file data14.pdb (PDB, C-alpha atoms)
ATOM      1  CA  MET A   5      86.016  16.090 -83.621  1.00  0.00           C
ATOM      2  CA  GLN A   6      84.613  17.470 -86.870  1.00  0.00           C
ATOM      3  CA  PHE A   7      81.223  16.125 -87.876  1.00  0.00           C
ATOM      4  CA  ILE A   8      81.315  14.166 -91.136  1.00  0.00           C
ATOM      5  CA  PRO A   9      77.880  13.787 -92.769  1.00  0.00           C
ATOM      6  CA  SER A  10      76.753  10.291 -93.640  1.00  0.00           C
ATOM      7  CA  LYS A  11      76.792   9.529 -97.346  1.00  0.00           C
ATOM      8  CA  ASN A  12      73.278   8.172 -96.795  1.00  0.00           C
ATOM      9  CA  ALA A  13      72.081  11.614 -95.745  1.00  0.00           C
ATOM     10  CA  THR A  14      69.379  13.144 -97.903  1.00  0.00           C
ATOM     11  CA  ILE A  15      69.311  16.678 -99.277  1.00  0.00           C
ATOM     12  CA  ILE A  16      65.771  17.819-100.093  1.00  0.00           C
ATOM     13  CA  ILE A  17      65.344  20.680-102.557  1.00  0.00           C
ATOM     14  CA  VAL A  18      62.138  22.696-102.847  1.00  0.00           C
ATOM     15  CA  ASP A  19      62.501  25.243-105.645  1.00  0.00           C
ATOM     16  CA  ASP A  20      60.166  26.078-108.526  1.00  0.00           C
ATOM     17  CA  ASP A  21      63.102  26.809-110.844  1.00  0.00           C
ATOM     18  CA  LEU A  22      63.812  23.644-112.833  1.00  0.00           C
ATOM     19  CA  ASP A  23      67.345  24.742-113.738  1.00  0.00           C
ATOM     20  CA  ILE A  24      68.220  25.398-110.088  1.00  0.00           C
ATOM     21  CA  ARG A  25      66.818  22.034-109.034  1.00  0.00           C
ATOM     22  CA  ALA A  26      68.758  20.220-111.736  1.00  0.00           C
ATOM     23  CA  SER A  27      71.978  22.059-110.934  1.00  0.00           C
ATOM     24  CA  LEU A  28      71.771  21.399-107.199  1.00  0.00           C
ATOM     25  CA  ASP A  29      70.728  17.792-107.770  1.00  0.00           C
ATOM     26  CA  SER A  30      73.802  17.185-109.907  1.00  0.00           C
ATOM     27  CA  LEU A  31      76.082  18.944-107.421  1.00  0.00           C
ATOM     28  CA  PHE A  32      74.812  17.052-104.372  1.00  0.00           C
ATOM     29  CA  ARG A  33      74.981  13.704-106.136  1.00  0.00           C
ATOM     30  CA  SER A  34      78.587  14.457-107.055  1.00  0.00           C
ATOM     31  CA  TRP A  35      79.178  14.733-103.299  1.00  0.00           C
ATOM     32  CA  ASP A  36      77.534  11.313-102.883  1.00  0.00           C
ATOM     33  CA  PHE A  37      74.425  12.561-101.101  1.00  0.00           C
ATOM     34  CA  CYS A  38      70.927  11.219-101.718  1.00  0.00           C
ATOM     35  CA  VAL A  39      68.767  13.913-103.287  1.00  0.00           C
ATOM     36  CA  GLU A  40      65.036  14.595-103.513  1.00  0.00           C
ATOM     37  CA  THR A  41      63.754  17.526-105.588  1.00  0.00           C
ATOM     38  CA  TYR A  42      60.316  19.139-105.574  1.00  0.00           C
ATOM     39  CA  SER A  43      58.866  22.082-107.449  1.00  0.00           C
ATOM     40  CA  GLU A  44      56.442  22.969-104.668  1.00  0.00           C
ATOM     41  CA  PRO A  45      56.031  22.283-100.929  1.00  0.00           C
ATOM     42  CA  SER A  46      52.929  20.087-101.263  1.00  0.00           C
ATOM     43  CA  GLU A  47      54.920  17.496-103.215  1.00  0.00           C
ATOM     44  CA  PHE A  48      57.475  17.355-100.412  1.00  0.00           C
ATOM     45  CA  LEU A  49      54.777  17.086 -97.720  1.00  0.00           C
ATOM     46  CA  ASP A  50      53.081  14.235 -99.579  1.00  0.00           C
ATOM     47  CA  THR A  51      56.333  12.260 -99.618  1.00  0.00           C
ATOM     48  CA  GLY A  52      57.330  12.657 -95.964  1.00  0.00           C
ATOM     49  CA  LEU A  53      60.742  12.810 -94.339  1.00  0.00           C
ATOM     50  CA  PRO A  54      63.530  10.309 -95.007  1.00  0.00           C
ATOM     51  CA  SER A  55      64.404   7.992 -92.124  1.00  0.00           C
ATOM     52  CA  GLY A  56      68.011   9.183 -91.851  1.00  0.00           C
ATOM     53  CA  ASP A  57      69.786  12.518 -91.522  1.00  0.00           C
ATOM     54  CA  CYS A  58      68.362  15.138 -93.855  1.00  0.00           C
ATOM     55  CA  CYS A  59      68.043  18.846 -94.508  1.00  0.00           C
ATOM     56  CA  LEU A  60      65.859  21.066 -96.655  1.00  0.00           C
ATOM     57  CA  ILE A  61      67.099  23.551 -99.257  1.00  0.00           C
ATOM     58  CA  LEU A  62      64.186  25.967 -99.540  1.00  0.00           C
ATOM     59  CA  ASP A  63      63.735  28.825-101.998  1.00  0.00           C
ATOM     60  CA  ILE A  64      61.906  31.864-100.627  1.00  0.00           C
ATOM     61  CA  HIS A  65      60.091  32.861-103.793  1.00  0.00           C
ATOM     62  CA  LEU A  66      57.846  29.952-104.765  1.00  0.00           C
ATOM     63  CA  LYS A  67      54.865  30.163-107.104  1.00  0.00           C
ATOM     64  CA  ASN A  68      52.050  29.317-104.716  1.00  0.00           C
ATOM     65  CA  ILE A  69      53.477  30.110-101.288  1.00  0.00           C
ATOM     66  CA  ASP A  70      56.090  32.268 -99.622  1.00  0.00           C
ATOM     67  CA  GLY A  71      59.034  30.080 -98.625  1.00  0.00           C
ATOM     68  CA  LEU A  72      59.326  31.706 -95.210  1.00  0.00           C
ATOM     69  CA  GLU A  73      55.647  31.055 -94.537  1.00  0.00           C
ATOM     70  CA  PHE A  74      56.176  27.424 -95.487  1.00  0.00           C
ATOM     71  CA  GLN A  75      59.189  27.239 -93.150  1.00  0.00           C
ATOM     72  CA  ALA A  76      57.030  28.558 -90.306  1.00  0.00           C
ATOM     73  CA  SER A  77      54.278  26.060 -91.106  1.00  0.00           C
ATOM     74  CA  LEU A  78      56.770  23.188 -90.872  1.00  0.00           C
ATOM     75  CA  GLU A  79      57.687  24.234 -87.342  1.00  0.00           C
ATOM     76  CA  GLN A  80      54.034  24.610 -86.352  1.00  0.00           C
ATOM     77  CA  SER A  81      53.237  21.166 -87.778  1.00  0.00           C
ATOM     78  CA  GLY A  82      56.039  19.521 -85.819  1.00  0.00           C
ATOM     79  CA  ILE A  83      58.021  18.605 -88.938  1.00  0.00           C
ATOM     80  CA  ASN A  84      61.509  18.801 -87.543  1.00  0.00           C
ATOM     81  CA  ILE A  85      63.984  19.300 -90.378  1.00  0.00           C
ATOM     82  CA  PRO A  86      66.920  21.743 -90.578  1.00  0.00           C
ATOM     83  CA  VAL A  87      66.289  24.378 -93.260  1.00  0.00           C
ATOM     84  CA  ILE A  88      68.723  26.258 -95.476  1.00  0.00           C
ATOM     85  CA  ILE A  89      67.040  29.191 -97.203  1.00  0.00           C
ATOM     86  CA  ILE A  90      68.158  30.279-100.672  1.00  0.00           C
ATOM     87  CA  THR A  91      66.999  33.236-102.733  1.00  0.00           C
ATOM     88  CA  GLY A  92      67.984  35.397-105.629  1.00  0.00           C
ATOM     89  CA  HIS A  93      66.342  38.428-104.080  1.00  0.00           C
ATOM     90  CA  GLY A  94      67.441  38.322-100.466  1.00  0.00           C
ATOM     91  CA  ASP A  95      67.430  41.217 -98.096  1.00  0.00           C
ATOM     92  CA  ILE A  96      68.180  41.764 -94.414  1.00  0.00           C
ATOM     93  CA  PRO A  97      64.551  41.570 -93.168  1.00  0.00           C
ATOM     94  CA  MET A  98      64.101  38.244 -94.963  1.00  0.00           C
ATOM     95  CA  ALA A  99      67.332  36.878 -93.495  1.00  0.00           C
ATOM     96  CA  VAL A 100      66.370  37.943 -89.986  1.00  0.00           C
ATOM     97  CA  ARG A 101      62.901  36.476 -90.338  1.00  0.00           C
ATOM     98  CA  GLY A 102      64.228  33.179 -91.636  1.00  0.00           C
ATOM     99  CA  MET A 103      66.931  32.840 -88.990  1.00  0.00           C
ATOM    100  CA  LYS A 104      64.509  33.702 -86.201  1.00  0.00           C
ATOM    101  CA  ALA A 105      62.279  30.913 -87.470  1.00  0.00           C
ATOM    102  CA  GLY A 106      65.177  28.505 -87.031  1.00  0.00           C
ATOM    103  CA  ALA A 107      66.860  28.407 -90.431  1.00  0.00           C
ATOM    104  CA  ILE A 108      70.399  27.045 -90.352  1.00  0.00           C
ATOM    105  CA  ASP A 109      71.627  29.514 -92.980  1.00  0.00           C
ATOM    106  CA  PHE A 110      70.452  32.060 -95.525  1.00  0.00           C
ATOM    107  CA  LEU A 111      72.226  32.001 -98.882  1.00  0.00           C
ATOM    108  CA  THR A 112      71.793  34.529-101.666  1.00  0.00           C
ATOM    109  CA  LYS A 113      72.190  33.317-105.263  1.00  0.00           C
ATOM    110  CA  PRO A 114      74.727  32.952-106.672  1.00  0.00           C
ATOM    111  CA  PHE A 115      76.456  31.264-103.730  1.00  0.00           C
ATOM    112  CA  THR A 116      79.701  29.314-103.756  1.00  0.00           C
ATOM    113  CA  ASP A 117      79.896  25.552-103.469  1.00  0.00           C
ATOM    114  CA  GLU A 118      82.016  26.050-100.357  1.00  0.00           C
ATOM    115  CA  ALA A 119      79.350  28.186 -98.640  1.00  0.00           C
ATOM    116  CA  LEU A 120      76.651  25.692 -99.583  1.00  0.00           C
ATOM    117  CA  LEU A 121      78.631  22.682 -98.370  1.00  0.00           C
ATOM    118  CA  LYS A 122      79.390  24.432 -95.092  1.00  0.00           C
ATOM    119  CA  ALA A 123      75.689  25.138 -94.564  1.00  0.00           C
ATOM    120  CA  ILE A 124      74.771  21.559 -95.432  1.00  0.00           C
ATOM    121  CA  ASN A 125      77.357  20.199 -93.007  1.00  0.00           C
ATOM    122  CA  THR A 126      75.873  22.345 -90.223  1.00  0.00           C
ATOM    123  CA  ALA A 127      72.310  21.352 -91.141  1.00  0.00           C
ATOM    124  CA  LEU A 128      73.056  17.631 -91.264  1.00  0.00           C
ATOM    125  CA  LYS A 129      74.833  17.806 -87.911  1.00  0.00           C
ATOM    126  CA  ALA A 130      71.718  19.445 -86.481  1.00  0.00           C
ATOM    127  CA  SER A 131      69.611  16.670 -88.013  1.00  0.00           C
ATOM    128  CA  HIS A 132      71.934  14.012 -86.590  1.00  0.00           C
ATOM    129  CA  ASP A 133      71.837  15.559 -83.108  1.00  0.00           C
ATOM    130  CA  ARG A 134      68.050  15.864 -83.159  1.00  0.00           C
ATOM    131  CA  ARG A 135      67.641  12.233 -84.172  1.00  0.00           C
ATOM    132  CA  GLN A 136      70.008  11.132 -81.416  1.00  0.00           C
ATOM    133  CA  ILE A 137      68.022  13.061 -78.829  1.00  0.00           C
ATOM    134  CA  ALA A 138      64.764  11.624 -80.170  1.00  0.00           C
ATOM    135  CA  GLN A 139      66.194   8.095 -80.036  1.00  0.00           C
ATOM    136  CA  GLU A 140      67.460   8.674 -76.490  1.00  0.00           C
ATOM    137  CA  ARG A 141      63.993   9.807 -75.435  1.00  0.00           C
ATOM    138  CA  THR A 142      62.408   6.748 -77.068  1.00  0.00           C
ATOM    139  CA  ASP A 143      64.848   4.415 -75.305  1.00  0.00           C
ATOM    140  CA  ILE A 144      64.298   6.096 -71.934  1.00  0.00           C
ATOM    141  CA  GLU A 145      60.512   6.057 -72.347  1.00  0.00           C
ATOM    142  CA  CYS A 146      60.640   2.333 -73.181  1.00  0.00           C
ATOM    143  CA  ARG A 147      62.642   1.673 -70.013  1.00  0.00           C
ATOM    144  CA  TYR A 148      60.253   3.820 -67.993  1.00  0.00           C
ATOM    145  CA  GLU A 149      57.335   1.699 -69.219  1.00  0.00           C
ATOM    146  CA  GLN A 150      58.974  -1.281 -67.472  1.00  0.00           C
ATOM    147  CA  LEU A 151      58.682   0.366 -64.050  1.00  0.00           C
ATOM    148  CA  SER A 152      55.883  -0.615 -61.703  1.00  0.00           C
ATOM    149  CA  ALA A 153      53.423   2.046 -60.570  1.00  0.00           C
ATOM    150  CA  ARG A 154      55.162   2.205 -57.178  1.00  0.00           C
ATOM    151  CA  GLU A 155      58.613   2.491 -58.763  1.00  0.00           C
ATOM    152  CA  ARG A 156      57.381   5.405 -60.882  1.00  0.00           C
ATOM    153  CA  GLU A 157      55.968   7.054 -57.785  1.00  0.00           C
ATOM    154  CA  VAL A 158      59.265   6.679 -55.942  1.00  0.00           C
ATOM    155  CA  MET A 159      61.217   7.949 -58.942  1.00  0.00           C
ATOM    156  CA  ALA A 160      59.077  11.092 -59.129  1.00  0.00           C
ATOM    157  CA  LEU A 161      59.593  11.752 -55.417  1.00  0.00           C
ATOM    158  CA  VAL A 162      63.349  11.185 -55.654  1.00  0.00           C
ATOM    159  CA  ALA A 163      63.464  13.680 -58.544  1.00  0.00           C
ATOM    160  CA  SER A 164      61.602  16.144 -56.315  1.00  0.00           C
ATOM    161  CA  GLY A 165      64.468  16.076 -53.845  1.00  0.00           C
ATOM    162  CA  LEU A 166      62.978  13.891 -51.110  1.00  0.00           C
ATOM    163  CA  MET A 167      65.225  11.604 -49.053  1.00  0.00           C
ATOM    164  CA  ASN A 168      64.373   7.924 -48.656  1.00  0.00           C
ATOM    165  CA  LYS A 169      62.945   8.433 -45.158  1.00  0.00           C
ATOM    166  CA  GLN A 170      60.778  11.306 -46.395  1.00  0.00           C
ATOM    167  CA  ILE A 171      59.455   9.180 -49.243  1.00  0.00           C
ATOM    168  CA  ALA A 172      58.771   6.333 -46.810  1.00  0.00           C
ATOM    169  CA  ALA A 173      56.773   8.663 -44.560  1.00  0.00           C
ATOM    170  CA  ARG A 174      54.881  10.169 -47.484  1.00  0.00           C
ATOM    171  CA  LEU A 175      53.921   6.766 -48.928  1.00  0.00           C
ATOM    172  CA  GLU A 176      53.493   5.135 -45.510  1.00  0.00           C
ATOM    173  CA  LEU A 177      55.975   2.404 -46.372  1.00  0.00           C
ATOM    174  CA  SER A 178      59.061   1.102 -44.584  1.00  0.00           C
ATOM    175  CA  LEU A 179      62.461   2.614 -45.339  1.00  0.00           C
ATOM    176  CA  ILE A 180      63.811  -0.706 -46.632  1.00  0.00           C
ATOM    177  CA  THR A 181      60.847  -1.013 -49.006  1.00  0.00           C
ATOM    178  CA  ILE A 182      61.585   2.437 -50.442  1.00  0.00           C
ATOM    179  CA  LYS A 183      65.257   1.547 -50.872  1.00  0.00           C
ATOM    180  CA  ILE A 184      64.282  -1.613 -52.762  1.00  0.00           C
ATOM    181  CA  HIS A 185      61.882   0.263 -55.047  1.00  0.00           C
ATOM    182  CA  ARG A 186      64.475   2.948 -55.735  1.00  0.00           C
ATOM    183  CA  ALA A 187      67.198   0.389 -56.456  1.00  0.00           C
ATOM    184  CA  ASN A 188      64.919  -1.531 -58.811  1.00  0.00           C
ATOM    185  CA  ALA A 189      63.889   1.650 -60.601  1.00  0.00           C
ATOM    186  CA  MET A 190      67.495   2.775 -61.021  1.00  0.00           C
ATOM    187  CA  LYS A 191      68.441  -0.623 -62.429  1.00  0.00           C
ATOM    188  CA  LYS A 192      65.564  -0.654 -64.917  1.00  0.00           C
ATOM    189  CA  MET A 193      66.340   2.920 -65.993  1.00  0.00           C
ATOM    190  CA  GLN A 194      70.038   1.972 -66.338  1.00  0.00           C
ATOM    191  CA  ALA A 195      71.048   4.842 -64.054  1.00  0.00           C
ATOM    192  CA  GLU A 196      74.498   4.263 -62.575  1.00  0.00           C
ATOM    193  CA  SER A 197      74.184   7.029 -59.985  1.00  0.00           C
ATOM    194  CA  LEU A 198      71.521   8.969 -58.128  1.00  0.00           C
ATOM    195  CA  ALA A 199      72.447  12.091 -60.093  1.00  0.00           C
ATOM    196  CA  GLU A 200      71.858  10.265 -63.391  1.00  0.00           C
ATOM    197  CA  PHE A 201      68.593   8.860 -62.038  1.00  0.00           C
ATOM    198  CA  VAL A 202      67.379  12.374 -61.235  1.00  0.00           C
ATOM    199  CA  ARG A 203      68.579  13.655 -64.621  1.00  0.00           C
ATOM    200  CA  ILE A 204      66.546  10.974 -66.394  1.00  0.00           C
ATOM    201  CA  ALA A 205      63.484  11.850 -64.340  1.00  0.00           C
ATOM    202  CA  GLU A 206      63.936  15.526 -65.209  1.00  0.00           C
ATOM    203  CA  PHE A 207      64.351  14.584 -68.873  1.00  0.00           C
ATOM    204  CA  LEU A 208      61.020  12.751 -68.709  1.00  0.00           C
ATOM    205  CA  GLY A 209      59.404  15.585 -66.765  1.00  0.00           C
ATOM    206  CA  ILE A 210      58.055  13.311 -64.030  1.00  0.00           C
ATOM    207  CA  ARG A 211      59.039  15.272 -60.938  1.00  0.00           C
ATOM    208  CA  ASP A 212      56.206  15.538 -58.403  1.00  0.00           C
ATOM    209  CA  GLU A 213      55.075  19.132 -58.914  1.00  0.00           C
ATOM    210  CA  THR A 214      53.233  19.171 -55.588  1.00  0.00           C
ATOM    211  CA  ILE A 215      56.580  19.245 -53.804  1.00  0.00           C
ATOM    212  CA  THR A 216      58.772  22.332 -53.650  1.00  0.00           C
ATOM    213  CA  ARG A 217      62.322  21.111 -53.985  1.00  0.00           C
ATOM    214  CA  TYR A 218      64.596  21.643 -50.964  1.00  0.00           C
ATOM    215  CA  HIS A 219      61.676  22.996 -48.926  1.00  0.00           C
ATOM    216  CA  GLN A 220      59.970  19.791 -47.851  1.00  0.00           C
ATOM    217  CA  ASN A 221      58.558  19.335 -44.398  1.00  0.00           C
ATOM    218  CA  GLY A 222      59.520  16.302 -42.343  1.00  0.00           C
TER     219      GLY A 222
END
call {"tool": "encode", "arguments": {"input": "data14.pdb", "output": "structure tokens"}}
result
Amino acid sequence: MQFIPSKNATIIIVDDDLDIRASLDSLFRSWDFCVETYSEPSEFLDTGLPSGDCCLILDIHLKNIDGLEFQASLEQSGINIPVIIITGHGDIPMAVRGMKAGAIDFLTKPFTDEALLKAINTALKASHDRRQIAQERTDIECRYEQLSAREREVMALVASGLMNKQIAARLELSLITIKIHRANAMKKMQAESLAEFVRIAEFLGIRDETITRYHQNG
């Protein structure tokens, strides 16, 4: 199924050329997107990211900073936003550098509306996917907080590949007690199968690292 960007998605433009900003602002609004325009990166950083899907249209040649350096600084600062790089003076080394840093696309002015819209569609899909993953992690972490200390311990050992009887021996508990803890943990984590339970544990990174999977003793 083709991804269709939300009309509430925001296109952020950072370009020191007023005419370019005005032109892109008008174009994006004609496509029913929300638009934010900034003449320099600091203005964008002071505002912060929108709550919904968004992407950044970033010019390479800015007055006070190289656009590619700013792109790299975003990544280093943990500001997770898909970037489309635009320039009127593009070359292959710049394109390679920008793409290696995670840019969605690299467009040389003048570019067609079709090429721009295609890049935006890809960028907003990336934004949507990232937000979904972040929300999934938040939901899972909230469920994990509901586990007792013993249930967390059992979950970590299950994710390490131990069988119920091995966990019972390791924790010096009865087999039925381990089964109860595991069942309760699976229910709280909303895992419908053991495989999903292990996948969630792996997602959270809570496997007991002191155990070498598939090479346990006992």
call {"tool": "resolve_selection", "arguments": {"input": "data14.pdb", "expression": "the PyMOL selection byres ((chain A and resi 20) around 7)", "output": "list in words"}}
result
Val18, Asp19, Asp21, Leu22, Ser43, Glu44, Leu66 and Lys67 of chain A
call {"tool": "closest_residue", "arguments": {"input": "data14.pdb", "among": "A:Leu121, A:Ser46, A:Asn68, A:Arg186", "to": "Met167 (chain A)", "atoms": "only C-alpha atoms"}}
result
A:Arg186
call {"tool": "resolve_selection", "arguments": {"input": "data14.pdb", "expression": "the PyMOL selection byres ((chain A and resi 204) around 12)", "output": "PyMOL selection string"}}
result
chain A and resi 140-141+143-145+147-148+159-160+162-163+189-190+192-203+205-211
call {"tool": "atom_distance", "arguments": {"input": "data14.pdb", "atom1": "CA of Arg33 (chain A)", "atom2": "CA of Gly71 (chain A)"}}
result
24.1 Å
call {"tool": "resolve_selection", "arguments": {"input": "data14.pdb", "expression": "the PyMOL selection byres ((chain A and resi 182) around 12)", "output": "count of residues only"}}
result
31
call {"tool": "atom_distance", "arguments": {"input": "data14.pdb", "atom1": "CA of Thr41 (chain A)", "atom2": "CA of Ile137 (chain A)"}}
result
27.5 Å
call {"tool": "residues_around", "arguments": {"input": "data14.pdb", "residues": "region 59-65 of chain A", "least_positions_apart": "6", "cutoff": "9 Å", "atoms": "only C-alpha atoms", "output": "list in words"}}
result
Ala13, Thr14, Ile15, Ile16, Ile17, Val18, Asp19, Asp20, Gly71, Leu72, Glu73, Phe74, Gln75, Ile85, Pro86, Val87, Ile88, Ile89, Ile90, Thr91, Gly92, His93, Gly94, Met98, Ile124, Ala127, Leu128, Ala130 and Ser131 of chain A
call {"tool": "write_last_selection", "arguments": {"input": "data14.pdb", "atoms": "C-alpha atoms", "output": "PDB file, keeping the file's coordinate frame"}}
result
ATOM      1  CA  ALA A  13      72.081  11.614 -95.745  1.00  0.00           C
ATOM      2  CA  THR A  14      69.379  13.144 -97.903  1.00  0.00           C
ATOM      3  CA  ILE A  15      69.311  16.678 -99.277  1.00  0.00           C
ATOM      4  CA  ILE A  16      65.771  17.819-100.093  1.00  0.00           C
ATOM      5  CA  ILE A  17      65.344  20.680-102.557  1.00  0.00           C
ATOM      6  CA  VAL A  18      62.138  22.696-102.847  1.00  0.00           C
ATOM      7  CA  ASP A  19      62.501  25.243-105.645  1.00  0.00           C
ATOM      8  CA  ASP A  20      60.166  26.078-108.526  1.00  0.00           C
ATOM      9  CA  GLY A  71      59.034  30.080 -98.625  1.00  0.00           C
ATOM     10  CA  LEU A  72      59.326  31.706 -95.210  1.00  0.00           C
ATOM     11  CA  GLU A  73      55.647  31.055 -94.537  1.00  0.00           C
ATOM     12  CA  PHE A  74      56.176  27.424 -95.487  1.00  0.00           C
ATOM     13  CA  GLN A  75      59.189  27.239 -93.150  1.00  0.00           C
ATOM     14  CA  ILE A  85      63.984  19.300 -90.378  1.00  0.00           C
ATOM     15  CA  PRO A  86      66.920  21.743 -90.578  1.00  0.00           C
ATOM     16  CA  VAL A  87      66.289  24.378 -93.260  1.00  0.00           C
ATOM     17  CA  ILE A  88      68.723  26.258 -95.476  1.00  0.00           C
ATOM     18  CA  ILE A  89      67.040  29.191 -97.203  1.00  0.00           C
ATOM     19  CA  ILE A  90      68.158  30.279-100.672  1.00  0.00           C
ATOM     20  CA  THR A  91      66.999  33.236-102.733  1.00  0.00           C
ATOM     21  CA  GLY A  92      67.984  35.397-105.629  1.00  0.00           C
ATOM     22  CA  HIS A  93      66.342  38.428-104.080  1.00  0.00           C
ATOM     23  CA  GLY A  94      67.441  38.322-100.466  1.00  0.00           C
ATOM     24  CA  MET A  98      64.101  38.244 -94.963  1.00  0.00           C
ATOM     25  CA  ILE A 124      74.771  21.559 -95.432  1.00  0.00           C
ATOM     26  CA  ALA A 127      72.310  21.352 -91.141  1.00  0.00           C
ATOM     27  CA  LEU A 128      73.056  17.631 -91.264  1.00  0.00           C
ATOM     28  CA  ALA A 130      71.718  19.445 -86.481  1.00  0.00           C
ATOM     29  CA  SER A 131      69.611  16.670 -88.013  1.00  0.00           C
TER      30      SER A 131
END
call {"tool": "closest_residue", "arguments": {"input": "data14.pdb", "among": "A:Asp70, A:Leu49, A:Phe37, A:Ile24", "to": "Pro114 (chain A)", "atoms": "only C-alpha atoms"}}
result
A:Ile24
call {"tool": "atom_distance", "arguments": {"input": "data14.pdb", "atom1": "CA of Asp109 (chain A)", "atom2": "CA of Asn125 (chain A)"}}
result
10.9 Å
call {"tool": "closest_residue", "arguments": {"input": "data14.pdb", "among": "A:Glu213, A:His132, A:Leu28, A:Ala107", "to": "Asn12 (chain A)", "atoms": "all atoms listed in the file"}}
result
A:His132
call {"tool": "residues_near_point", "arguments": {"input": "data14.pdb", "point": "(75.8, 24.1, -103.6)", "cutoff": "9 Å", "atoms": "all atoms listed in the file", "output": "ChimeraX atom specification"}}
result
/A:27-28,31-32,115-121,124
